[in-house]
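> Have a peek at upload.pdb (PDB, C-alpha atoms and all ligand atoms).
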ATOM      1  CA  MET A  13     -29.764  22.899   8.093
ATOM      2  CA  ASP A  14     -28.952  21.599   4.653
ATOM      3  CA  SER A  15     -25.272  21.302   5.383
ATOM      4  CA  SER A  16     -25.808  19.473   8.686
ATOM      5  CA  ASN A  17     -28.162  17.069   6.911
ATOM      6  CA  SER A  18     -25.658  16.301   4.232
ATOM      7  CA  ALA A  19     -22.909  15.939   6.841
ATOM      8  CA  ALA A  20     -25.091  13.467   8.735
ATOM      9  CA  ALA A  21     -25.814  11.606   5.504
ATOM     10  CA  GLU A  22     -22.107  11.463   4.730
ATOM     11  CA  ALA A  23     -21.323  10.163   8.222
ATOM     12  CA  ALA A  24     -24.029   7.506   7.890
ATOM     13  CA  ALA A  25     -22.693   6.511   4.489
ATOM     14  CA  ALA A  26     -19.165   6.306   5.889
ATOM     15  CA  ALA A  27     -20.312   4.215   8.859
ATOM     16  CA  SER A  28     -22.166   1.753   6.660
ATOM     17  CA  SER A  29     -19.566   1.600   3.930
ATOM     18  CA  SER A  30     -17.858  -1.711   3.414
ATOM     19  CA  LYS A  31     -14.123  -2.337   3.804
ATOM     20  CA  LYS A  32     -13.965  -2.452   0.006
ATOM     21  CA  SER A  33     -14.985   1.169  -0.388
ATOM     22  CA  ILE A  34     -12.326   2.338   2.061
ATOM     23  CA  GLU A  35      -9.729   0.384   0.183
ATOM     24  CA  SER A  36     -10.760   1.855  -3.135
ATOM     25  CA  SER A  37     -10.827   5.341  -1.637
ATOM     26  CA  ILE A  38      -7.153   5.056  -0.835
ATOM     27  CA  MET A  39      -6.429   3.181  -4.036
ATOM     28  CA  ILE A  40      -5.198  -0.194  -2.856
ATOM     29  CA  PRO A  41      -5.861  -2.809  -5.497
ATOM     30  CA  ASN A  42      -7.865  -5.726  -4.080
ATOM     31  CA  LYS A  43      -5.059  -8.107  -4.939
ATOM     32  CA  LEU A  44      -2.921  -6.476  -2.268
ATOM     33  CA  ILE A  45      -5.559  -6.995   0.375
ATOM     34  CA  ASN A  46      -6.942 -10.437  -0.381
ATOM     35  CA  ASN A  47      -4.305 -12.360  -2.230
ATOM     36  CA  HIS A  48      -2.088 -14.186   0.216
ATOM     37  CA  ALA A  49       0.340 -15.022  -2.550
ATOM     38  CA  TYR A  50       1.752 -11.542  -1.992
ATOM     39  CA  SER A  51       4.189 -11.403   0.875
ATOM     40  CA  ASP A  52       4.688  -8.518   3.294
ATOM     41  CA  ALA A  53       7.926  -7.733   1.490
ATOM     42  CA  TYR A  54       6.065  -7.266  -1.747
ATOM     43  CA  GLU A  55       3.312  -5.127  -0.265
ATOM     44  CA  SER A  56       5.565  -2.725   1.617
ATOM     45  CA  GLY A  57       7.615  -0.024  -0.054
ATOM     46  CA  ILE A  58      10.343  -0.274  -2.689
ATOM     47  CA  THR A  59      13.617  -0.593  -0.819
ATOM     48  CA  THR A  60      16.184   2.167  -1.260
ATOM     49  CA  ASP A  61      18.666  -0.106  -3.060
ATOM     50  CA  ASN A  62      16.108  -0.346  -5.909
ATOM     51  CA  ILE A  63      15.803   3.444  -6.265
ATOM     52  CA  LYS A  64      17.970   4.706  -9.123
ATOM     53  CA  THR A  65      17.339   8.445  -8.756
ATOM     54  CA  LYS A  66      19.956  10.120  -6.600
ATOM     55  CA  ASN A  67      18.935  12.905  -4.199
ATOM     56  CA  PHE A  68      15.189  12.309  -4.298
ATOM     57  CA  ASP A  69      13.121  13.924  -1.546
ATOM     58  CA  GLN A  70      13.474  11.627   1.488
ATOM     59  CA  ARG A  71      10.114  12.717   2.915
ATOM     60  CA  PHE A  72       8.437  10.467   0.319
ATOM     61  CA  LEU A  73       9.777   7.408   2.145
ATOM     62  CA  CYS A  74       7.184   5.526   4.211
ATOM     63  CA  SER A  75       7.436   6.313   7.938
ATOM     64  CA  ILE A  76       6.813   2.644   8.746
ATOM     65  CA  CYS A  77       8.747   0.435   6.303
ATOM     66  CA  HIS A  78      11.169   3.196   5.145
ATOM     67  CA  GLY A  79      10.718   2.149   1.509
ATOM     68  CA  LEU A  80       9.287   4.220  -1.346
ATOM     69  CA  PRO A  81       5.519   3.502  -1.315
ATOM     70  CA  ARG A  82       3.956   1.663  -4.268
ATOM     71  CA  TYR A  83       0.635   3.328  -3.352
ATOM     72  CA  PRO A  84       1.514   6.415  -1.291
ATOM     73  CA  VAL A  85      -0.919   8.073   1.107
ATOM     74  CA  LEU A  86      -0.342  11.346   2.927
ATOM     75  CA  MET A  87      -1.169  11.934   6.590
ATOM     76  CA  PRO A  88      -4.006  14.465   7.049
ATOM     77  CA  ASN A  89      -2.390  16.680   9.707
ATOM     78  CA  CYS A  90       1.347  16.401   9.095
ATOM     79  CA  PRO A  91       3.614  16.056   6.056
ATOM     80  CA  HIS A  92       4.385  12.354   6.534
ATOM     81  CA  VAL A  93       3.841   9.697   3.908
ATOM     82  CA  LEU A  94       2.944   6.009   4.274
ATOM     83  CA  CYS A  95       2.380   3.087   1.937
ATOM     84  CA  ALA A  96      -1.373   2.445   1.697
ATOM     85  CA  TYR A  97      -0.608  -1.117   2.802
ATOM     86  CA  CYS A  98       1.446   0.010   5.837
ATOM     87  CA  ALA A  99      -1.308   2.543   6.677
ATOM     88  CA  VAL A 100      -3.966  -0.189   6.821
ATOM     89  CA  LYS A 101      -1.710  -2.386   8.997
ATOM     90  CA  HIS A 102      -0.833   0.550  11.246
ATOM     91  CA  VAL A 103      -4.445   1.504  11.947
ATOM     92  CA  GLU A 104      -5.457  -2.127  12.405
ATOM     93  CA  THR A 105      -2.814  -2.720  15.040
ATOM     94  CA  SER A 106      -2.813   0.545  16.971
ATOM     95  CA  GLY A 107      -5.133   2.770  18.957
ATOM     96  CA  THR A 108      -8.843   2.133  19.110
ATOM     97  CA  PRO A 109     -10.149  -1.331  20.061
ATOM     98  CA  SER A 110     -10.534  -3.705  17.162
ATOM     99  CA  PHE A 111     -14.349  -3.938  17.293
ATOM    100  CA  TYR A 112     -14.471  -0.451  15.748
ATOM    101  CA  LYS A 113     -14.650  -0.452  11.972
ATOM    102  CA  VAL A 114     -11.254   0.405  10.498
ATOM    103  CA  GLU A 115     -12.431   3.739   9.068
ATOM    104  CA  ARG A 116     -13.540   4.946  12.505
ATOM    105  CA  ARG A 117     -10.367   4.062  14.378
ATOM    106  CA  ASN A 118      -7.934   6.631  15.658
ATOM    107  CA  ALA A 119      -4.218   6.220  15.399
ATOM    108  CA  ARG A 120      -1.110   8.371  15.591
ATOM    109  CA  CYS A 121       1.407   9.231  12.930
ATOM    110  CA  PRO A 122       4.297   6.815  13.567
ATOM    111  CA  GLU A 123       6.730   9.652  12.887
ATOM    112  CA  CYS A 124       5.400  12.682  14.833
ATOM    113  CA  ARG A 125       2.536  11.189  16.910
ATOM    114  CA  GLN A 126      -0.178  13.450  15.409
ATOM    115  CA  ASP A 127      -3.676  11.988  15.885
ATOM    116  CA  PHE A 128      -5.710  11.105  12.835
ATOM    117  CA  LYS A 129      -8.552   8.876  11.682
ATOM    118  CA  PHE A 130      -8.092   6.229   9.057
ATOM    119  CA  SER A 131     -10.708   7.871   6.823
ATOM    120  CA  GLU A 132      -8.618  11.056   6.703
ATOM    121  CA  TYR A 133      -5.654   9.678   4.781
ATOM    122  CA  ILE A 134      -5.040  11.590   1.542
ATOM    123  CA  PRO A 135      -4.692   9.287  -1.497
ATOM    124  CA  PHE A 136      -2.106   9.903  -4.206
ATOM    125  CA  MET A 137      -4.753  11.239  -6.607
ATOM    126  CA  LYS A 138      -5.357  14.138  -4.217
ATOM    127  CA  PHE A 139      -1.707  15.009  -3.598
ATOM    128  CA  HIS A 140      -0.563  18.493  -4.561
ATOM    129  CA  SER A 141       0.494  18.390  -8.211
ATOM    130  CA  ILE A 142       4.089  19.342  -7.317
ATOM    131  CA  ASN A 143       4.323  16.259  -5.088
ATOM    132  CA  LYS A 144       2.834  14.091  -7.819
ATOM    133  CA  VAL A 145       5.382  15.317 -10.354
ATOM    134  CA  GLN A 146       8.252  14.819  -7.896
ATOM    135  CA  LEU A 147       7.127  11.296  -7.031
ATOM    136  CA  MET A 148       6.642  10.364 -10.682
ATOM    137  CA  SER A 149      10.138  11.590 -11.526
ATOM    138  CA  ILE A 150      11.756   9.071  -9.180
ATOM    139  CA  ASP A 151      13.194   6.212 -11.203
ATOM    140  CA  VAL A 152      13.045   2.777  -9.560
ATOM    141  CA  GLU A 153      14.063  -0.629 -10.795
ATOM    142  CA  CYS A 154      12.424  -4.050 -10.724
ATOM    143  CA  SER A 155      13.237  -5.799  -7.440
ATOM    144  CA  TYR A 156      13.670  -9.112  -9.305
ATOM    145  CA  LYS A 157      16.683  -7.482 -10.968
ATOM    146  CA  CYS A 158      15.571  -8.140 -14.567
ATOM    147  CA  GLY A 159      16.821  -4.679 -15.592
ATOM    148  CA  TYR A 160      13.409  -2.999 -16.039
ATOM    149  CA  ALA A 161      13.080   0.532 -14.583
ATOM    150  CA  GLY A 162      10.284   3.104 -14.426
ATOM    151  CA  THR A 163       8.022   5.034 -12.042
ATOM    152  CA  ILE A 164       6.712   3.424  -8.851
ATOM    153  CA  PHE A 165       3.425   2.569 -10.594
ATOM    154  CA  GLU A 166       5.096   1.206 -13.727
ATOM    155  CA  VAL A 167       7.425  -1.007 -11.723
ATOM    156  CA  ASP A 168       4.575  -2.218  -9.522
ATOM    157  CA  GLN A 169       2.562  -3.222 -12.624
ATOM    158  CA  HIS A 170       5.617  -4.826 -14.159
ATOM    159  CA  GLU A 171       6.472  -6.846 -11.039
ATOM    160  CA  THR A 172       2.866  -7.975 -10.629
ATOM    161  CA  PHE A 173       1.958  -8.869 -14.209
ATOM    162  CA  SER A 174       4.858  -9.028 -16.608
ATOM    163  CA  CYS A 175       8.324  -9.607 -15.122
ATOM    164  CA  SER A 176       9.633 -12.943 -16.387
ATOM    165  CA  LEU A 177      11.460 -13.430 -13.063
ATOM    166  CA  ARG A 178       8.399 -12.967 -10.819
ATOM    167  CA  GLU A 179       7.270 -16.125  -9.025
ATOM    168  CA  ILE A 180       4.062 -17.702 -10.292
ATOM    169  CA  GLN A 181       2.343 -21.058  -9.924
ATOM    170  CA  CYS A 182       1.643 -23.351 -12.880
ATOM    171  CA  PRO A 183      -1.964 -22.527 -13.904
ATOM    172  CA  HIS A 184      -2.908 -26.193 -14.326
ATOM    173  CA  PHE A 185      -5.483 -27.162 -11.734
ATOM    174  CA  TYR A 186      -3.545 -30.012 -10.152
ATOM    175  CA  CYS A 187      -0.036 -28.628 -10.477
ATOM    176  CA  ASP A 188       1.594 -26.880  -7.541
ATOM    177  CA  ARG A 189       4.871 -26.082  -9.236
ATOM    178  CA  VAL A 190       6.101 -22.571  -8.461
ATOM    179  CA  GLY A 191       8.928 -20.738 -10.199
ATOM    180  CA  PRO A 192       9.924 -17.730 -12.313
ATOM    181  CA  ALA A 193       7.202 -16.834 -14.864
ATOM    182  CA  GLY A 194       9.517 -17.386 -17.840
ATOM    183  CA  GLU A 195      10.320 -20.924 -16.687
ATOM    184  CA  ILE A 196       6.711 -21.775 -15.759
ATOM    185  CA  SER A 197       5.430 -20.683 -19.176
ATOM    186  CA  LYS A 198       7.766 -23.235 -20.807
ATOM    187  CA  HIS A 199       6.821 -25.923 -18.256
ATOM    188  CA  TYR A 200       3.088 -25.212 -18.809
ATOM    189  CA  ALA A 201       3.075 -26.665 -22.337
ATOM    190  CA  THR A 202       4.469 -30.010 -21.211
ATOM    191  CA  CYS A 203       3.076 -30.126 -17.659
ATOM    192  CA  GLY A 204       2.038 -33.678 -16.713
ATOM    193  CA  LYS A 205      -0.737 -32.357 -14.467
ATOM    194  CA  GLN A 206      -2.865 -30.797 -17.217
ATOM    195  CA  ALA A 207      -6.508 -31.207 -16.294
ATOM    196  CA  SER A 208      -9.328 -32.163 -18.532
ATOM    197  CA  TYR A 209     -13.004 -32.214 -17.631
ATOM    198  CA  CYS A 210     -14.999 -35.367 -17.007
ATOM    199  CA  GLY A 211     -17.952 -35.560 -19.412
ATOM    200  CA  GLN A 212     -20.259 -36.828 -16.655
ATOM    201  CA  CYS A 213     -19.446 -34.980 -13.411
ATOM    202  CA  VAL A 214     -17.870 -31.990 -15.214
ATOM    203  CA  LEU A 215     -15.087 -31.767 -12.608
ATOM    204  CA  PRO A 216     -11.461 -31.282 -13.598
ATOM    205  CA  VAL A 217      -9.508 -34.517 -13.705
ATOM    206  CA  SER A 218      -5.791 -34.670 -14.311
ATOM    207  CA  MET A 219      -4.600 -36.671 -17.341
ATOM    208  CA  ASN A 220      -2.740 -39.054 -15.009
ATOM    209  CA  GLU A 221      -5.870 -39.811 -12.996
ATOM    210  CA  PHE A 222      -8.344 -40.339 -15.822
ATOM    211  CA  HIS A 223      -8.082 -44.134 -15.936
ATOM    212  CA  ASP A 224      -9.330 -44.668 -12.350
ATOM    213  CA  HIS A 225     -11.563 -41.592 -12.065
ATOM    214  CA  ASP A 226     -14.704 -42.172  -9.965
ATOM    215  CA  CYS A 227     -17.384 -39.467 -10.435
ATOM    216  CA  ILE A 228     -19.221 -40.097  -7.142
ATOM    217  CA  LYS A 229     -16.011 -40.001  -5.127
ATOM    218  CA  ARG A 230     -14.843 -36.824  -6.862
ATOM    219  CA  LEU A 231     -18.216 -35.150  -6.280
ATOM    220  CA  LYS A 232     -18.103 -36.042  -2.584
ATOM    221  CA  ILE A 233     -14.653 -34.531  -2.307
ATOM    222  CA  ALA A 234     -15.700 -31.402  -4.190
ATOM    223  CA  VAL A 235     -18.774 -30.929  -1.990
ATOM    224  CA  SER A 236     -17.137 -31.624   1.368
ATOM    225  CA  GLY A 237     -13.829 -29.975   0.602
ATOM    226  CA  ILE A 238     -12.115 -32.991   2.131
ATOM    227  CA  THR A 239      -9.232 -34.430   0.174
ATOM    228  CA  LEU A 240      -9.205 -38.214   0.413
ATOM    229  CA  SER A 241      -5.981 -40.006  -0.217
ATOM    230  CA  THR A 242      -6.282 -42.750  -2.808
TER     231      THR A 242
HETATM  232 ZN    ZN B   1       5.518   1.310   4.031
HETATM  233 ZN    ZN B   2       3.534  12.851  11.065
HETATM  234 ZN    ZN B   3      11.404  -7.444 -13.698
HETATM  235 ZN    ZN B   4       2.460 -27.691 -14.142
HETATM  236 ZN    ZN B   5     -16.538 -37.761 -13.493
END
As structure tokens, how would this structure be written, given the file I've shared?
Ligand SMILES: [Zn+2]
Ligand SMILES: [Zn+2]
Ligand SMILES: [Zn+2]
Ligand SMILES: [Zn+2]
Ligand SMILES: [Zn+2]

Amino acid sequence: MDSSNSAAAEAAAAASSSKKSIESSIMIPNKLINNHAYSDAYESGITTDNIKTKNFDQRFLCSICHGLPRYPVLMPNCPHVLCAYCAVKHVETSGTPSFYKVERRNARCPECRQDFKFSEYIPFMKFHSINKVQLMSIDVECSYKCGYAGTIFEVDQHETFSCSLREIQCPHFYCDRVGPAGEISKHYATCGKQASYCGQCVLPVSMNEFHDHDCIKRLKIAVSGITLST
């Protein structure tokens, strides 16, 4: 009785859980889900030409993109591995009709056609320790070719936050310049689009625009989301 109650409670919790909790349960950082600045190429696995270790176990390669997963997940009923990102895409685009919540959809392993549910994926944290050690011993290098090398997680962090060759946008509000981080950090100091804040409407105004700034017009634009050309 107790066990069936708790199973029912678990099922109810799973059914009502948000997309966010599924994502965190398979360890995909939110940035990979919501930030469109990241391309498909970035989100899928590390390509084999960036893997330095010779003779690593090929079964760690994602069955969908054939790269080495940045966030590996294991299939529940077979030994196949996918990138967490590829797994989400795979379940979203296969099997059960799309009005089902993602965690309740059925899909098949792209490699051996075994059935599984999205909620059954095994996250890296729950891999057998031998698999964890093997995966962590694979040496990969930064795909921007800056020379940095490390584990899949180290390289993922490096490429996302610290590589001087990764593409970023100038942080100034009005500037849309994009380029390698090292170059943008130099540009940032002398960027002509630096914004300041109007003392009356408190909206950001670029230095170039300050002389003909009109608070009412700027507020209308901010509220409506419409960009007027002046
Ligand atoms: Zn993949
Ligand atoms: Zn399989
Ligand atoms: Zn790098
Ligand atoms: Zn700039
Ligand atoms: Zn103003």
> One decimal, in Å: what's the spacing between atom ZN of ligand ZN 3 (chain B) and atom CA of A:Ile164?
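It comes out at 12.8 Å.
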> Using all atoms listed in the file, which protein or nucleic acid residues are at most 10 Å from ligand ZN 5 (chain B), as number ranges by chain?
A: 209-217, 222, 225-231
> Report as a list in words which protein, DNA and RNA residues come within 9 Å of ligand ZN 1 (chain B), using all atoms listed in the file.
Glu55, Ser56, Gly57, Ile58, Leu73, Cys74, Ser75, Ile76, Cys77, His78, Gly79, Leu80, Pro81, Arg82, Pro84, Val93, Leu94, Cys95, Ala96, Tyr97, Cys98 and Ala99 of chain A
> Export, as a short mmCIF file (atom, residue, chain, number, x, y, z; two decimals), in the frame of the given file, the selected residues with C-alpha atoms.

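Result file is selection_8.cif:
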data_model
loop_
_atom_site.label_atom_id
_atom_site.label_comp_id
_atom_site.auth_asym_id
_atom_site.auth_seq_id
_atom_site.Cartn_x
_atom_site.Cartn_y
_atom_site.Cartn_z
CA GLU A 55 3.31 -5.13 -0.26
CA SER A 56 5.56 -2.72 1.62
CA GLY A 57 7.62 -0.02 -0.05
CA ILE A 58 10.34 -0.27 -2.69
CA LEU A 73 9.78 7.41 2.14
CA CYS A 74 7.18 5.53 4.21
CA SER A 75 7.44 6.31 7.94
CA ILE A 76 6.81 2.64 8.75
CA CYS A 77 8.75 0.44 6.30
CA HIS A 78 11.17 3.20 5.14
CA GLY A 79 10.72 2.15 1.51
CA LEU A 80 9.29 4.22 -1.35
CA PRO A 81 5.52 3.50 -1.32
CA ARG A 82 3.96 1.66 -4.27
CA PRO A 84 1.51 6.42 -1.29
CA VAL A 93 3.84 9.70 3.91
CA LEU A 94 2.94 6.01 4.27
CA CYS A 95 2.38 3.09 1.94
CA ALA A 96 -1.37 2.44 1.70
CA TYR A 97 -0.61 -1.12 2.80
CA CYS A 98 1.45 0.01 5.84
CA ALA A 99 -1.31 2.54 6.68
#
> What's the separation between atom CA of A:Val167 and atom CA of A:Ile150, in Å to one decimal place?
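Between these atoms lies a distance of 11.3 Å.
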> What does the list of residues within 12 Å of ligand ZN 3 (chain B) look like if you count only C-alpha atoms and all ligand atoms, written as an NGL selection string?
:A and (62 or 152-162 or 166-179 or 192-194)
> Enumerate, in order of chain and increasing residue number, the residues of chain A with an atom no farther than 12 Å from ligand ZN 4 (chain B), each with its shortest atom pair and distance in Å to one decimal, counting all atoms listed in the file, as a Markdown table.

| residue | atom | partner | partner_atom | distance |
| --- | --- | --- | --- | --- |
| A:Ile180 | CA | B:ZN4 | ZN | 10.8 |
| A:Gln181 | CA | B:ZN4 | ZN | 7.9 |
| A:Cys182 | CA | B:ZN4 | ZN | 4.6 |
| A:Pro183 | CA | B:ZN4 | ZN | 6.8 |
| A:His184 | CA | B:ZN4 | ZN | 5.6 |
| A:Phe185 | CA | B:ZN4 | ZN | 8.3 |
| A:Tyr186 | CA | B:ZN4 | ZN | 7.6 |
| A:Cys187 | CA | B:ZN4 | ZN | 4.5 |
| A:Asp188 | CA | B:ZN4 | ZN | 6.7 |
| A:Arg189 | CA | B:ZN4 | ZN | 5.7 |
| A:Val190 | CA | B:ZN4 | ZN | 8.5 |
| A:Gly191 | CA | B:ZN4 | ZN | 10.3 |
| A:Ala193 | CA | B:ZN4 | ZN | 11.9 |
| A:Glu195 | CA | B:ZN4 | ZN | 10.7 |
| A:Ile196 | CA | B:ZN4 | ZN | 7.5 |
| A:Ser197 | CA | B:ZN4 | ZN | 9.1 |
| A:Lys198 | CA | B:ZN4 | ZN | 9.6 |
| A:His199 | CA | B:ZN4 | ZN | 6.3 |
| A:Tyr200 | CA | B:ZN4 | ZN | 5.3 |
| A:Ala201 | CA | B:ZN4 | ZN | 8.3 |
| A:Thr202 | CA | B:ZN4 | ZN | 7.7 |
| A:Cys203 | CA | B:ZN4 | ZN | 4.3 |
| A:Gly204 | CA | B:ZN4 | ZN | 6.5 |
| A:Lys205 | CA | B:ZN4 | ZN | 5.7 |
| A:Gln206 | CA | B:ZN4 | ZN | 6.9 |
| A:Ala207 | CA | B:ZN4 | ZN | 9.9 |
| A:Ser218 | CA | B:ZN4 | ZN | 10.8 |
| A:Met219 | CA | B:ZN4 | ZN | 11.9 |
